[in-house]
$ cat start_7.txt   # compact mmCIF, N, CA and C atoms
# COMPACT_ATOMS: atom_id res chain seq x y z
N GLN A 1 12.79 83.04 77.13
CA GLN A 1 11.58 82.82 77.93
C GLN A 1 10.77 81.70 77.31
N VAL A 2 10.45 80.69 78.13
CA VAL A 2 9.67 79.55 77.65
C VAL A 2 8.24 79.97 77.38
N GLN A 3 7.74 79.56 76.22
CA GLN A 3 6.34 79.82 75.89
C GLN A 3 5.70 78.54 75.39
N LEU A 4 4.52 78.26 75.88
CA LEU A 4 3.70 77.12 75.44
C LEU A 4 2.39 77.68 74.92
N MET A 5 2.06 77.34 73.68
CA MET A 5 0.88 77.90 73.05
C MET A 5 -0.05 76.78 72.61
N GLU A 6 -1.23 76.70 73.25
CA GLU A 6 -2.22 75.69 72.90
C GLU A 6 -3.11 76.16 71.75
N SER A 7 -3.61 75.18 71.01
CA SER A 7 -4.60 75.45 69.97
C SER A 7 -5.42 74.20 69.75
N GLY A 8 -6.53 74.34 69.05
CA GLY A 8 -7.32 73.18 68.69
C GLY A 8 -8.59 72.98 69.51
N GLY A 9 -8.81 73.82 70.50
CA GLY A 9 -10.04 73.70 71.27
C GLY A 9 -11.24 74.12 70.45
N GLY A 10 -12.43 73.86 71.01
CA GLY A 10 -13.65 74.24 70.31
C GLY A 10 -14.84 73.59 70.94
N SER A 11 -15.96 73.63 70.22
CA SER A 11 -17.21 73.05 70.70
C SER A 11 -17.57 71.86 69.84
N VAL A 12 -17.87 70.75 70.49
CA VAL A 12 -18.26 69.53 69.79
C VAL A 12 -19.42 68.88 70.52
N GLN A 13 -20.08 67.98 69.82
CA GLN A 13 -21.14 67.20 70.46
C GLN A 13 -20.55 65.96 71.11
N SER A 14 -21.30 65.44 72.05
CA SER A 14 -20.89 64.22 72.72
C SER A 14 -20.59 63.12 71.70
N GLY A 15 -19.48 62.43 71.90
CA GLY A 15 -19.05 61.40 70.97
C GLY A 15 -18.08 61.89 69.92
N GLY A 16 -17.90 63.20 69.84
CA GLY A 16 -17.00 63.78 68.85
C GLY A 16 -15.55 63.73 69.27
N SER A 17 -14.68 64.27 68.42
CA SER A 17 -13.24 64.25 68.65
C SER A 17 -12.64 65.63 68.44
N LEU A 18 -11.55 65.88 69.13
CA LEU A 18 -10.75 67.07 68.93
C LEU A 18 -9.29 66.69 69.12
N ARG A 19 -8.39 67.44 68.46
CA ARG A 19 -6.98 67.28 68.72
C ARG A 19 -6.40 68.61 69.15
N LEU A 20 -5.86 68.62 70.34
CA LEU A 20 -5.20 69.81 70.85
C LEU A 20 -3.71 69.76 70.50
N SER A 21 -3.16 70.93 70.23
CA SER A 21 -1.73 71.05 69.96
C SER A 21 -1.12 72.04 70.93
N CYS A 22 0.14 71.84 71.24
CA CYS A 22 0.87 72.75 72.11
C CYS A 22 2.23 73.00 71.47
N SER A 23 2.40 74.19 70.95
CA SER A 23 3.66 74.57 70.32
C SER A 23 4.57 75.21 71.36
N ALA A 24 5.80 74.72 71.44
CA ALA A 24 6.73 75.21 72.44
C ALA A 24 7.83 76.07 71.81
N SER A 25 8.18 77.14 72.51
CA SER A 25 9.33 77.95 72.09
C SER A 25 10.26 78.13 73.29
N GLN A 26 11.54 78.19 73.02
CA GLN A 26 12.57 78.24 74.06
C GLN A 26 12.48 77.03 74.99
N TYR A 27 11.96 75.94 74.47
CA TYR A 27 11.82 74.70 75.24
C TYR A 27 11.80 73.56 74.24
N ARG A 28 12.55 72.50 74.53
CA ARG A 28 12.62 71.38 73.61
C ARG A 28 11.71 70.25 74.10
N VAL A 29 10.70 69.97 73.28
CA VAL A 29 9.77 68.89 73.56
C VAL A 29 10.55 67.57 73.61
N SER A 30 10.11 66.67 74.48
CA SER A 30 10.64 65.32 74.65
C SER A 30 11.99 65.26 75.36
N THR A 31 12.38 66.33 76.04
CA THR A 31 13.62 66.27 76.81
C THR A 31 13.37 65.88 78.26
N THR A 32 12.15 66.07 78.74
CA THR A 32 11.84 65.70 80.12
C THR A 32 10.37 65.31 80.20
N CYS A 33 9.55 66.02 80.93
CA CYS A 33 8.16 65.64 81.14
C CYS A 33 7.24 66.76 80.67
N MET A 34 6.23 66.37 79.91
CA MET A 34 5.20 67.33 79.49
C MET A 34 3.84 66.67 79.65
N GLY A 35 2.80 67.48 79.56
CA GLY A 35 1.48 66.90 79.66
C GLY A 35 0.37 67.92 79.57
N TRP A 36 -0.82 67.45 79.90
CA TRP A 36 -2.03 68.26 79.80
C TRP A 36 -2.78 68.26 81.13
N PHE A 37 -3.28 69.46 81.45
CA PHE A 37 -4.15 69.64 82.61
C PHE A 37 -5.50 70.14 82.13
N ARG A 38 -6.48 69.92 82.95
CA ARG A 38 -7.83 70.37 82.62
C ARG A 38 -8.45 71.02 83.85
N GLN A 39 -9.18 72.11 83.59
CA GLN A 39 -9.92 72.75 84.68
C GLN A 39 -11.37 72.91 84.27
N ALA A 40 -12.23 72.12 84.90
CA ALA A 40 -13.66 72.21 84.63
C ALA A 40 -14.24 73.38 85.42
N PRO A 41 -15.38 73.91 84.97
CA PRO A 41 -15.99 75.03 85.68
C PRO A 41 -16.22 74.72 87.15
N GLY A 42 -15.74 75.59 88.02
CA GLY A 42 -15.95 75.43 89.45
C GLY A 42 -15.10 74.37 90.11
N LYS A 43 -14.14 73.82 89.36
CA LYS A 43 -13.30 72.76 89.92
C LYS A 43 -11.83 73.13 89.85
N ALA A 44 -11.02 72.39 90.60
CA ALA A 44 -9.58 72.63 90.58
C ALA A 44 -8.96 72.07 89.30
N ARG A 45 -7.83 72.63 88.94
CA ARG A 45 -7.10 72.13 87.78
C ARG A 45 -6.53 70.75 88.10
N GLU A 46 -6.64 69.81 87.16
CA GLU A 46 -6.13 68.46 87.39
C GLU A 46 -5.29 68.00 86.21
N GLY A 47 -4.25 67.28 86.51
CA GLY A 47 -3.44 66.69 85.46
C GLY A 47 -4.15 65.49 84.89
N ILE A 48 -4.30 65.40 83.58
CA ILE A 48 -5.03 64.29 82.98
C ILE A 48 -4.14 63.38 82.13
N ALA A 49 -3.02 63.88 81.66
CA ALA A 49 -2.14 63.06 80.83
C ALA A 49 -0.72 63.59 80.91
N SER A 50 0.24 62.68 80.87
CA SER A 50 1.64 63.10 80.87
C SER A 50 2.43 62.20 79.92
N ILE A 51 3.56 62.74 79.44
CA ILE A 51 4.44 61.96 78.58
C ILE A 51 5.88 62.24 78.98
N PHE A 52 6.64 61.18 79.15
CA PHE A 52 8.02 61.29 79.57
C PHE A 52 8.92 61.34 78.35
N SER A 53 10.20 61.64 78.58
CA SER A 53 11.14 61.79 77.47
C SER A 53 11.32 60.50 76.67
N ASP A 54 11.06 59.35 77.29
CA ASP A 54 11.19 58.08 76.56
C ASP A 54 9.92 57.70 75.83
N GLY A 55 8.90 58.57 75.90
CA GLY A 55 7.64 58.33 75.20
C GLY A 55 6.60 57.62 76.04
N SER A 56 6.94 57.21 77.24
CA SER A 56 5.95 56.55 78.09
C SER A 56 4.90 57.57 78.56
N THR A 57 3.68 57.09 78.69
CA THR A 57 2.56 57.98 78.98
C THR A 57 1.78 57.49 80.20
N THR A 58 1.11 58.42 80.86
CA THR A 58 0.17 58.08 81.92
C THR A 58 -1.09 58.91 81.73
N TYR A 59 -2.20 58.36 82.25
CA TYR A 59 -3.50 59.03 82.13
C TYR A 59 -4.28 58.83 83.42
N VAL A 60 -5.16 59.78 83.70
CA VAL A 60 -6.11 59.54 84.77
C VAL A 60 -7.20 58.63 84.24
N ASP A 61 -7.87 57.96 85.17
CA ASP A 61 -8.85 56.95 84.76
C ASP A 61 -9.98 57.54 83.90
N SER A 62 -10.36 58.77 84.17
CA SER A 62 -11.51 59.35 83.47
C SER A 62 -11.28 59.54 81.97
N VAL A 63 -10.01 59.57 81.54
CA VAL A 63 -9.74 59.78 80.11
C VAL A 63 -9.03 58.58 79.48
N LYS A 64 -8.65 57.62 80.28
CA LYS A 64 -7.92 56.46 79.78
C LYS A 64 -8.74 55.72 78.74
N GLY A 65 -8.10 55.40 77.62
CA GLY A 65 -8.79 54.71 76.53
C GLY A 65 -9.48 55.65 75.55
N ARG A 66 -9.59 56.92 75.91
CA ARG A 66 -10.22 57.90 75.01
C ARG A 66 -9.26 58.98 74.55
N PHE A 67 -8.32 59.34 75.41
CA PHE A 67 -7.35 60.40 75.09
C PHE A 67 -5.98 59.79 74.86
N THR A 68 -5.22 60.41 73.95
CA THR A 68 -3.85 59.98 73.69
C THR A 68 -2.93 61.19 73.62
N VAL A 69 -1.89 61.19 74.44
CA VAL A 69 -0.90 62.27 74.42
C VAL A 69 0.29 61.79 73.60
N SER A 70 0.84 62.70 72.80
CA SER A 70 2.00 62.36 71.97
C SER A 70 2.84 63.61 71.76
N GLN A 71 4.05 63.42 71.27
CA GLN A 71 4.94 64.55 71.03
C GLN A 71 5.70 64.35 69.72
N ASP A 72 5.96 65.44 69.05
CA ASP A 72 6.69 65.43 67.79
C ASP A 72 7.91 66.33 67.95
N SER A 73 9.06 65.72 68.09
CA SER A 73 10.29 66.49 68.32
C SER A 73 10.62 67.38 67.13
N ALA A 74 10.37 66.89 65.93
CA ALA A 74 10.70 67.67 64.73
C ALA A 74 9.89 68.96 64.66
N LYS A 75 8.64 68.88 65.10
CA LYS A 75 7.79 70.06 65.09
C LYS A 75 7.80 70.78 66.43
N ASN A 76 8.48 70.19 67.41
CA ASN A 76 8.53 70.74 68.77
C ASN A 76 7.13 71.02 69.31
N THR A 77 6.27 70.02 69.17
CA THR A 77 4.86 70.18 69.51
C THR A 77 4.36 68.98 70.30
N LEU A 78 3.51 69.28 71.27
CA LEU A 78 2.83 68.26 72.07
C LEU A 78 1.39 68.19 71.59
N TYR A 79 0.80 67.00 71.62
CA TYR A 79 -0.58 66.82 71.16
C TYR A 79 -1.41 66.11 72.22
N LEU A 80 -2.73 66.32 72.11
CA LEU A 80 -3.67 65.52 72.88
C LEU A 80 -4.83 65.18 71.95
N GLN A 81 -4.90 63.94 71.55
CA GLN A 81 -6.01 63.46 70.74
C GLN A 81 -7.12 63.03 71.67
N MET A 82 -8.30 63.60 71.50
CA MET A 82 -9.43 63.33 72.39
C MET A 82 -10.56 62.74 71.56
N ASN A 83 -10.92 61.51 71.86
CA ASN A 83 -11.99 60.82 71.15
C ASN A 83 -13.13 60.52 72.10
N ASN A 84 -14.30 60.26 71.51
CA ASN A 84 -15.48 59.90 72.30
C ASN A 84 -15.69 60.89 73.45
N LEU A 85 -15.67 62.15 73.13
CA LEU A 85 -15.78 63.19 74.14
C LEU A 85 -17.14 63.15 74.83
N GLU A 86 -17.11 63.53 76.11
CA GLU A 86 -18.32 63.53 76.94
C GLU A 86 -18.52 64.92 77.51
N PRO A 87 -19.73 65.28 77.92
CA PRO A 87 -19.94 66.60 78.53
C PRO A 87 -19.03 66.86 79.72
N GLY A 88 -18.67 65.82 80.44
CA GLY A 88 -17.78 65.95 81.58
C GLY A 88 -16.36 66.33 81.20
N ASP A 89 -16.03 66.30 79.93
CA ASP A 89 -14.71 66.71 79.46
C ASP A 89 -14.62 68.22 79.24
N THR A 90 -15.73 68.89 79.38
CA THR A 90 -15.76 70.34 79.19
C THR A 90 -14.84 71.04 80.18
N GLY A 91 -14.06 72.00 79.67
CA GLY A 91 -13.17 72.75 80.54
C GLY A 91 -12.09 73.45 79.76
N MET A 92 -11.21 74.12 80.49
CA MET A 92 -10.04 74.76 79.90
C MET A 92 -8.90 73.76 79.97
N TYR A 93 -8.24 73.57 78.85
CA TYR A 93 -7.14 72.61 78.76
C TYR A 93 -5.82 73.36 78.65
N TYR A 94 -4.88 72.97 79.51
CA TYR A 94 -3.59 73.63 79.60
C TYR A 94 -2.46 72.66 79.26
N CYS A 95 -1.55 73.14 78.45
CA CYS A 95 -0.30 72.43 78.20
C CYS A 95 0.67 72.79 79.33
N ALA A 96 1.47 71.81 79.75
CA ALA A 96 2.39 72.05 80.85
C ALA A 96 3.70 71.32 80.61
N ALA A 97 4.77 71.84 81.20
CA ALA A 97 6.09 71.24 80.98
C ALA A 97 6.94 71.38 82.23
N GLN A 98 7.88 70.44 82.34
CA GLN A 98 8.83 70.44 83.45
C GLN A 98 10.07 71.23 83.04
N SER A 99 10.63 71.96 83.99
CA SER A 99 11.80 72.78 83.66
C SER A 99 13.10 72.00 83.76
N SER A 100 13.10 70.89 84.45
CA SER A 100 14.34 70.15 84.64
C SER A 100 14.07 68.65 84.47
N ARG A 101 15.15 67.91 84.34
CA ARG A 101 14.99 66.46 84.18
C ARG A 101 14.52 65.85 85.50
N ILE A 102 13.57 64.94 85.39
CA ILE A 102 13.06 64.23 86.56
C ILE A 102 13.00 62.74 86.21
N ILE A 103 12.85 61.92 87.23
CA ILE A 103 12.72 60.49 86.96
C ILE A 103 11.30 60.20 86.48
N SER A 104 11.15 59.12 85.75
CA SER A 104 9.87 58.84 85.08
C SER A 104 8.72 58.68 86.07
N SER A 105 9.01 58.17 87.26
CA SER A 105 7.93 57.96 88.23
C SER A 105 7.32 59.28 88.71
N LEU A 106 8.05 60.38 88.55
CA LEU A 106 7.53 61.69 88.94
C LEU A 106 6.75 62.35 87.81
N CYS A 107 6.83 61.77 86.64
CA CYS A 107 6.10 62.30 85.48
C CYS A 107 4.83 61.49 85.30
N ALA A 108 3.90 61.66 86.20
CA ALA A 108 2.70 60.81 86.18
C ALA A 108 1.47 61.62 86.54
N ALA A 109 0.46 61.51 85.69
CA ALA A 109 -0.82 62.12 86.00
C ALA A 109 -1.51 61.34 87.11
N PRO A 110 -2.22 61.99 88.01
CA PRO A 110 -2.45 63.43 88.05
C PRO A 110 -1.49 64.19 88.96
N SER A 111 -0.48 63.54 89.50
CA SER A 111 0.27 64.13 90.61
C SER A 111 1.46 64.99 90.22
N TRP A 112 1.96 64.91 88.97
CA TRP A 112 3.18 65.65 88.67
C TRP A 112 2.95 67.15 88.66
N ARG A 113 3.98 67.89 88.98
CA ARG A 113 3.88 69.33 89.16
C ARG A 113 4.79 70.03 88.17
N PRO A 114 4.23 70.60 87.11
CA PRO A 114 5.05 71.27 86.10
C PRO A 114 5.47 72.67 86.54
N ASN A 115 6.43 73.20 85.79
CA ASN A 115 6.92 74.54 86.07
C ASN A 115 6.44 75.56 85.06
N TYR A 116 6.13 75.08 83.85
CA TYR A 116 5.70 75.98 82.78
C TYR A 116 4.28 75.65 82.37
N TRP A 117 3.56 76.72 82.03
CA TRP A 117 2.15 76.56 81.66
C TRP A 117 1.84 77.37 80.41
N GLY A 118 0.92 76.83 79.60
CA GLY A 118 0.35 77.62 78.54
C GLY A 118 -0.85 78.39 79.08
N ARG A 119 -1.48 79.16 78.21
CA ARG A 119 -2.61 79.98 78.64
C ARG A 119 -3.94 79.24 78.55
N GLY A 120 -3.95 78.11 77.88
CA GLY A 120 -5.15 77.30 77.84
C GLY A 120 -5.97 77.46 76.57
N THR A 121 -6.73 76.43 76.29
CA THR A 121 -7.67 76.44 75.18
C THR A 121 -8.97 75.79 75.66
N GLN A 122 -10.09 76.38 75.31
CA GLN A 122 -11.40 75.94 75.83
C GLN A 122 -11.95 74.78 75.00
N VAL A 123 -12.44 73.77 75.70
CA VAL A 123 -13.14 72.65 75.07
C VAL A 123 -14.54 72.58 75.69
N THR A 124 -15.53 72.57 74.83
CA THR A 124 -16.91 72.48 75.29
C THR A 124 -17.59 71.32 74.58
N VAL A 125 -18.14 70.40 75.36
CA VAL A 125 -18.80 69.22 74.81
C VAL A 125 -20.27 69.28 75.21
N SER A 126 -21.14 69.27 74.23
CA SER A 126 -22.57 69.33 74.50
C SER A 126 -23.20 67.95 74.29
N SER A 127 -24.27 67.70 75.02
CA SER A 127 -24.94 66.39 74.94
C SER A 127 -25.97 66.36 73.83
$ encode --input "start_7.txt" --output "structure tokens"
Amino acid sequence: QVQLMESGGGSVQSGGSLRLSCSASQYRVSTTCMGWFRQAPGKAREGIASIFSDGSTTYVDSVKGRFTVSQDSAKNTLYLQMNNLEPGDTGMYYCAAQSSRIISSLCAAPSWRPNYWGRGTQVTVSS
């Protein structure tokens, strides 16, 4: 059974940084498409970053230049480095993964549709 476990969330002030981690079990990081989704209070869940098996990445405009998604095959872990955080970044952050190989154009935020989800980690940014 595939399990994705997020960690690293917390409360920070505007301008601060956090690094989220997603540890995978029964799933090999960097074999297909993985990424991060965010759900702000009262809003729908949205894909904010994705990474393909070749290491190519995509981001939504609201986080581009501030967030970086990466993967470590040796540790079987996905990361999201978040810098210059803003109150609008507040929400629950979910790690997500694709169950099968897809072409790179389908591994793109915000439109890609994963099959596996973690339970989420809360990020709160205060002004």
$ atom_distance --input "start_7.txt" --atom1 "atom C of Ile102 (chain A)" --atom2 "CA of Cys33 (chain A)"
7.6 Å
$ residues_around --input "start_7.txt" --residues "region 2-13 of chain A" --least-positions-apart "6" --cutoff "5 Å" --atoms "all atoms listed in the file" --output "list of chain:residue names"
A:Arg19, A:Leu20, A:Ser21, A:Cys22, A:Ser23, A:Ala24, A:Ser25, A:Gln26, A:Gly118, A:Thr121, A:Gln122, A:Val123, A:Thr124, A:Val125, A:Ser126
$ atom_distance --input "start_7.txt" --atom1 "CA of Ser70 (chain A)" --atom2 "CA of Ala44 (chain A)"
24.2 Å
$ closest_atom_pairs --input "start_7.txt" --of "region 78-124 of chain A" --to "region 48-53 of chain A" --cutoff "6 Å" --atoms "only C-alpha atoms" --output "tab-separated table"
residue	atom	partner	partner_atom	distance
A:Ala108	CA	A:Ser50	CA	5.9
A:Ala109	CA	A:Ala49	CA	5.4
A:Pro110	CA	A:Ile48	CA	5.8
$ closest_residue --input "start_7.txt" --among "A:Leu80, A:Ala74, A:Phe37, A:Val29" --to "Ala96 (chain A)" --atoms "only C-alpha atoms"
A:Phe37
